Each structure stands twice: as structure tokens, then as C-alpha cells.
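Undergrad: Here it is, the structure, as C-alpha cells.
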Amino acid sequence: MSAKYSFLKGPELRPSGWVRRQLEIQAAGQAGQLDRIWPDVRDSRWVGGDREGWERVPYWLDGFIPLAYLLGDEDMISRAKRYVDAILAGQQSDGWICPNGDTPREKYDMWAVELLSKVLFVYYDLSGDGRVPEAVYRALRNWYEGLRSGSLKLFEWSRSRWFEALVAIRRLKELRGEEPWLLDLARMLREQGLDWGAASKKWDRFYYEWTHDTHIVNVGMCMKASELCADVLGEPPTGEADRLYAILERFHGTPSGAFNGDECLAGRSPIRGFELCSVAELMYSYEWLFALTGRQKWAERLERLAFNALPATLSDDMWTHQYDQMTNQNACVPGHTRSLFGTNGTEANMFGLEPNYGCCTANHGQAWPHFAMSTVMRSRGGLRVVTPVPALASIDFRGTRVELEIGGDYPFDNDITFTVTAGGDTDFALEIPVPGFATRVTVDGRPFDGRLIRRKGFPKGKTVITLGFRTEGRLTRTTGGLYALSAGSLLYALPVRAEKKKYEYVRYGTERKFPYCDYRLYPASDWNFGFDGPRQSFEPVRRARPDVPFSSEDPPLSISVRVAHIDWGLEPGYRYNCAAYPAHTAALDGGQTAEFVPYGCAKLRMTELPLCRRPSKSGAAGADAGTEPPGKEK
Ligand SMILES: [Zn+2]
């Protein structure tokens, strides 16, 4: 295998600072408590109950297991083990591992085994439980025999997401060597699975109908497929991820780094939306793409999602989430007559326990822990910093203990320290990226103009490297004549005050009760603004170090921005939601200063705004037809 970097394992990497705090919040919130409150996990067929016995427990474990180990929480570790024990105990003598119940094996969608096999290795790499490799080996072998004989086939989700099994196949290959059937299985999956390169020919438009090959979660997941498959099969890199990214960014890109899909590809409108699962899965794809290719752009795309799209769609306490978030989201209220979304229901952008559908309830918990496990990776010569958030890495390097502590508060602050503590003199090498957006960069107090800091050879004891840089706010043109403000990896938005209404009820045997109830958010302040002048200086100012890293009540940063009221208008047929594009962009008043905050902190917000038009010196306001909606509809 030719990957540039590899993930650290077990106790080699621990989050600290705000990343650890975020994980603690998650542990006390929904994803840390689903086995106590949510029937589809608590009473799943995977653990002998009668509720869902397919993707929901593996999805939940994919986040819960690393959350437990990264926090070193013994209670959570024992609760994770109870699930793994039950799953392994349910494996049949021929290797079949899924609780298909009364469903014949040939009709059970094997997406569950593609997902579960990966999740079991997450458990193995953190716990060292020696039962796992053999169990996964037997489960995949059983599936392989079924596919080869034709008694089992790929269909629906297993056909779309065939590549997810490559994660476990790759790990088995590392542990047991290159057994021919494993490579045969990888080839068979590629042949029988959905051809994503061909599917991408449909991605140049937006959809109001549901198909697997435009489904936003599948699309996020498939980004890694080609490079991962080439790596497993020993083939040269394909470059397909670059090609897919370019299409998605052009036709469906949003300023938070996610791609619109509600829940299929949705174009660039700031009020279409994208599903939380797609954010989590895109992040996971980018973590793999960075490890496989070593190209920093995947790490920068990863942090854009982690610092913007992910926190924006989770409540501060992580007890509730949205299914779809919108870039311009001035209300989270169900539509009265019809949904705002392509194929998602009217409740998809409320905050709640399982708004629209429960996949995100089970799956969103993987995003922060997998991100935390990807911030530093192992290189051939030592360690590679992927994104310089607070963390502690500790490895054995050619017989010498080497620790790397990343201090500071990135991305909320751009002064970062890297402390290497070596148990003896060593030729260990450390690589630290300098973000592409950084200006006035200094390393150890001296100006630096490279994009990678590389140090090789460390003496016994402590060595400290400091990195400092500036990020300047700038407006970027997005779509339909709108602009978005960002500084570094952080996108900024105008926060709209929210009036929250709480809903507690029971539906289909699942209870919504505080703190896992539903919330509708009504706008309680003006949102109809445009940027008042493009040539402003946008200076991020540190305001606070809140207990919640992306706090909606006490945001860590803000930028003062000149804005003016405009006639924006509501989306036709809706009482609260702003129109996709403003009706007129002429300034209606003399303007005012507004504090923009990180997008991830603003649950109601306006992010993409037009530049206001001001009357010319002659006094005429000039013709103003508003902004033009772009793109073509299918
Ligand atoms: Zn989902």
C-alpha cells in the first residue's frame, strides 16, 4: 500500500484544549446517550431487541467507540464493549454476522456489513481486542463466498457504498498479509458496485427526485472510493477525487465547504440545504484522501467542514441536530404547505432528536471523534501535523519515545506551539503545514515564506517550535451575485436572534423529551441586509473563550461589518423563510455596523449577502432588478 501517511492508533493520539471539550459535550449529549434514550439503539436487534437491526447501531458505534476511548471514560468503554460483545456473540458458525431476523440473507442489504466491518476495526485499533480481526475475517469471507457463488448480490445501499468495505479489507491486509481472496473481494465489489466516475456525469444540475447516484450522503462517501481502491489493489493513484471535487464545488458548493443536497444534489441556492450525514461522511472521506495522497488541500477542506458546517447544525449542548442546514437560515420552522427541500420533509431543518429521518441521529457522532483522530498522522520519518488544533501525540520512533504536544487555540487564535519531547537523541522528523490562507507568517519569531515546516533530528529533552500568522477577512463571490465573508478556515455570518419553541411528544414509540426534544427557531431580529461597501477592512477580534467552543450565546470571535437594510423578501409560499435571492439590493437606510460571528456559532443566520447599491452622485438610485438565480434545473 502506498499511502503517504497513516492514522495513529490506540493511545498514540489524544485531543486536548477545545477539541477535548467538544468531545466532552458530545459525551454528555445525544450521541453519548443514545443507548439509554433511543429505541433503535437501546433495543436494537444487534443486541437482542426488536428494533432496527441494520445501520443504526454500527453508525452509532462508529462515533461512540472513539469518543469513549479518546476521553478515557471507563463507563462508556464498558457500554461500547457490551455492544461489541453482543455483535460478536451473534456471529454464526459460517461467519454471517448480521441480525437479518426473518429477512432472507439474499434480501438483507449488506451495507450493514460494509459499515460494521470498518467499525469493528475502529474498536480493535483503540481496544486491542484480539477477537475482532478473526470475526471480521470470517464475516467478509462469508460475504465473499456468497458474492462469488451468486447467492448474495449487491443492491441498493450495498451497491452504492461498496467501497466502505475497503477500509476493513485494507486493515486485514495489513494484519494478515495479502491473501488473494481479499483482493478478489475488492475487485468484485468494484465490478458489481456503482461506478461513481460514470455517475458524476449527472452532477452538473440539481434535483427534485431521489436517486442513489445523486444522493448527497453517497456522494460525500464516494469521494474516497477510487483512491482507496487503488491503494488496496496496489494500482497507481487515479486522481478521480480531484475531478469529483471540482464538479461538486462548481455546481453544488457552499461557503461552509459542504455541498448542497436535500437530499439529492441541490445546486448552490443558499436556501436549499444539505444533510448532516453528508458533512460527517465528507469529513471522513477527506481524512482518508489526505492520508492516501498527502496533499494539504484535503486537510484544509476537512477543517473548513469541521469548523463551519458541523458545529452550525448541532445545538450547543449537542442534544439536538438538524437534518438539513441552510447557508442562509433565517428560520428553522416547518413549511405550512410544502417542504422547502427537494425530497426531504417539512421538518428537516428543525433542531431535534430525529428531524426528518433517524440516520443523522445515529451517524453524526462519528464526525468529531474521527476528526480528533486525524489531526496528527504518522509519516515514514516521524509525525505529520494535519491540522494544528490542540492535541497530544505520543509514539515509539525507532526505539525512542517521542511526544508532540500542540498548544494554542487554533482556529480561534493563530499563535501555535509545538513541543517535542524526545526520550533520547533521535532522527525523528516533524512536518507542520502553514495554511494556504495565512499571511505574515513567523516561525520561532522569524518571517517564514514556505508552506511546510520540516524539522529532522531532535536532541533528548524538549524542543519548542512556534508558528504564528494572521488571517484577514475577505469577501468571496458565491452565487447569484451574493458574497460570503471568511477569515482563514472560518466562515462568518450575520447572526439572527432566535425565538425558540420547544416540542415534547411521542411518535412511533419514540419519545421526544427535554433535553432531546424538538425546537423550532423563529426569527426575532432583522435579517434583510446587504454588505454596505466591498472595500471594508474585516478584522477578526477575539471576544471570549467560551466553555462551548462554538457557542451561540458567547461566540469566540467577531468581525464588525457595515451593512444596510435592503428589500429582500420572503420565499413565495412561506411565512418566515427568506427568498433564495433578494428582490432588490438598493440600500434602504444609511447603514449600520453589525457583528458577524463564526458560522458554526450562528444557528439562525444570513451568510450570503449582496453588495448594497447606493444612489449615484446625481441622486438616481438606478434600475435594480435584484440578483439573478443561477444554475439550471433538471
Ligand atoms: Zn443522515
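Residue names in the C-alpha cells use chain letters A, B, ... in the order shown, residue numbers from 1 in each chain, and ligand numbers from 1 in the order shown.
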Please find the residues contacting ligand 1 at a distance of at most 8 Å between atoms, with only C-alpha atoms and all ligand atoms counted, and report them as an MDAnalysis selection string.

TA: chainID A and resid 217 275:278 323 357:364

Undergrad: DSSP on the backbone, then: every residue of stretch 259-360 of chain A marked helix (DSSP H, G or I), written as a short mmCIF file (atom, residue, chain, number, x, y, z; two decimals) with C-alpha atoms, in the first residue's frame.

TA:
data_model
loop_
_atom_site.label_atom_id
_atom_site.label_comp_id
_atom_site.auth_asym_id
_atom_site.auth_seq_id
_atom_site.Cartn_x
_atom_site.Cartn_y
_atom_site.Cartn_z
CA LEU A 276 -25.79 16.33 8.41
CA CYS A 277 -24.72 12.77 7.41
CA SER A 278 -23.14 14.24 4.27
CA VAL A 279 -20.99 16.57 6.39
CA ALA A 280 -19.80 13.69 8.61
CA GLU A 281 -19.11 11.46 5.59
CA LEU A 282 -17.33 14.15 3.57
CA MET A 283 -15.07 14.77 6.56
CA TYR A 284 -14.28 11.04 6.77
CA SER A 285 -13.55 10.96 3.01
CA TYR A 286 -11.19 13.94 3.30
CA GLU A 287 -9.36 12.31 6.24
CA TRP A 288 -8.68 9.30 4.03
CA LEU A 289 -7.81 11.41 0.99
CA PHE A 290 -5.23 13.33 3.00
CA ALA A 291 -3.70 10.11 4.38
CA LEU A 292 -3.62 8.49 0.93
CA THR A 293 -2.35 11.44 -1.13
CA GLN A 296 -2.67 19.57 2.14
CA LYS A 297 -5.73 20.77 0.26
CA TRP A 298 -7.72 17.79 1.62
CA ALA A 299 -6.74 18.79 5.18
CA GLU A 300 -7.82 22.38 4.53
CA ARG A 301 -11.15 21.20 3.11
CA LEU A 302 -11.55 18.96 6.16
CA GLU A 303 -11.11 21.81 8.62
CA ARG A 304 -13.47 24.05 6.67
CA LEU A 305 -16.22 21.47 7.29
CA ALA A 306 -15.18 20.79 10.88
CA PHE A 307 -15.10 24.47 11.87
CA ASN A 308 -18.22 25.54 9.96
CA ALA A 309 -20.79 23.08 8.60
CA LEU A 310 -20.50 20.65 11.51
CA PRO A 311 -20.97 22.92 14.54
CA ALA A 312 -23.59 25.05 12.73
CA CYS A 359 -29.85 8.32 10.08
CA CYS A 360 -28.18 11.54 11.24
#

Undergrad: List as a ChimeraX atom specification the protein and nucleic acid residues near A:Lys456, meaning an atom at most 6 Å away when only C-alpha atoms are counted, but skip any in the same chain fewer than 6 places from it.

TA: /A:427-429

Undergrad: Can you work out which one of A:Glu608, A:Asp444, A:Asp109, A:Asp316 has the shortest atom-to-atom distance to A:Ser552, counting only C-alpha atoms?

TA: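 Among A:Glu608, A:Asp444, A:Asp109, A:Asp316, it is A:Asp316 that comes nearest to A:Ser552.
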
Undergrad: Would you return as a ChimeraX atom specification the members of stretch 406-597 of chain A that DSSP assigns to strand (DSSP E) on this structure's backbone?

TA: /A:406-407,415-422,426-433,439-443,446-447,452-458,461-470,473-477,482-487,490-495,498-503,505-507,510-512,518-523,529-531,541-542,557-565,592-597

Undergrad: Name all residues at most 10 Å from stretch 130-136 of chain A (count only C-alpha atoms; drop same-chain ones fewer than 5 positions away) and give them as number ranges by chain.

TA: A: 84-85, 87-89, 91, 95-97, 113, 116-118, 120-125, 141-142, 168-169, 171-172, 175-176

Undergrad: Quick one, how far is atom CA of A:Tyr137 from atom CA of A:Ser379?

TA: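 So the two atoms, atom CA of A:Tyr137 and atom CA of A:Ser379, lie 27.6 Å apart.
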
Undergrad: Just checking: using only C-alpha atoms, which residue out of A:Arg21, A:Arg520, A:Arg497, A:Arg187 ends up closest to A:Arg605?

TA: A:Arg497

Undergrad: Quick one: residues within 12 Å of A:Leu604, only C-alpha atoms, excluding same-chain residues fewer than 6 positions away - as a PyMOL selection string?

TA: chain A and resi 312-315+325-333+349-351+493-500+520-527+552-553+576-578+597-598

Undergrad: So which residues touch A:Gly569 within 7 Å, counting only C-alpha atoms, skipping near sequence neighbours fewer than 6 positions away, as a list of chain:residue names?

TA: A:Cys578, A:Ala579, A:Pro582, A:Ala583
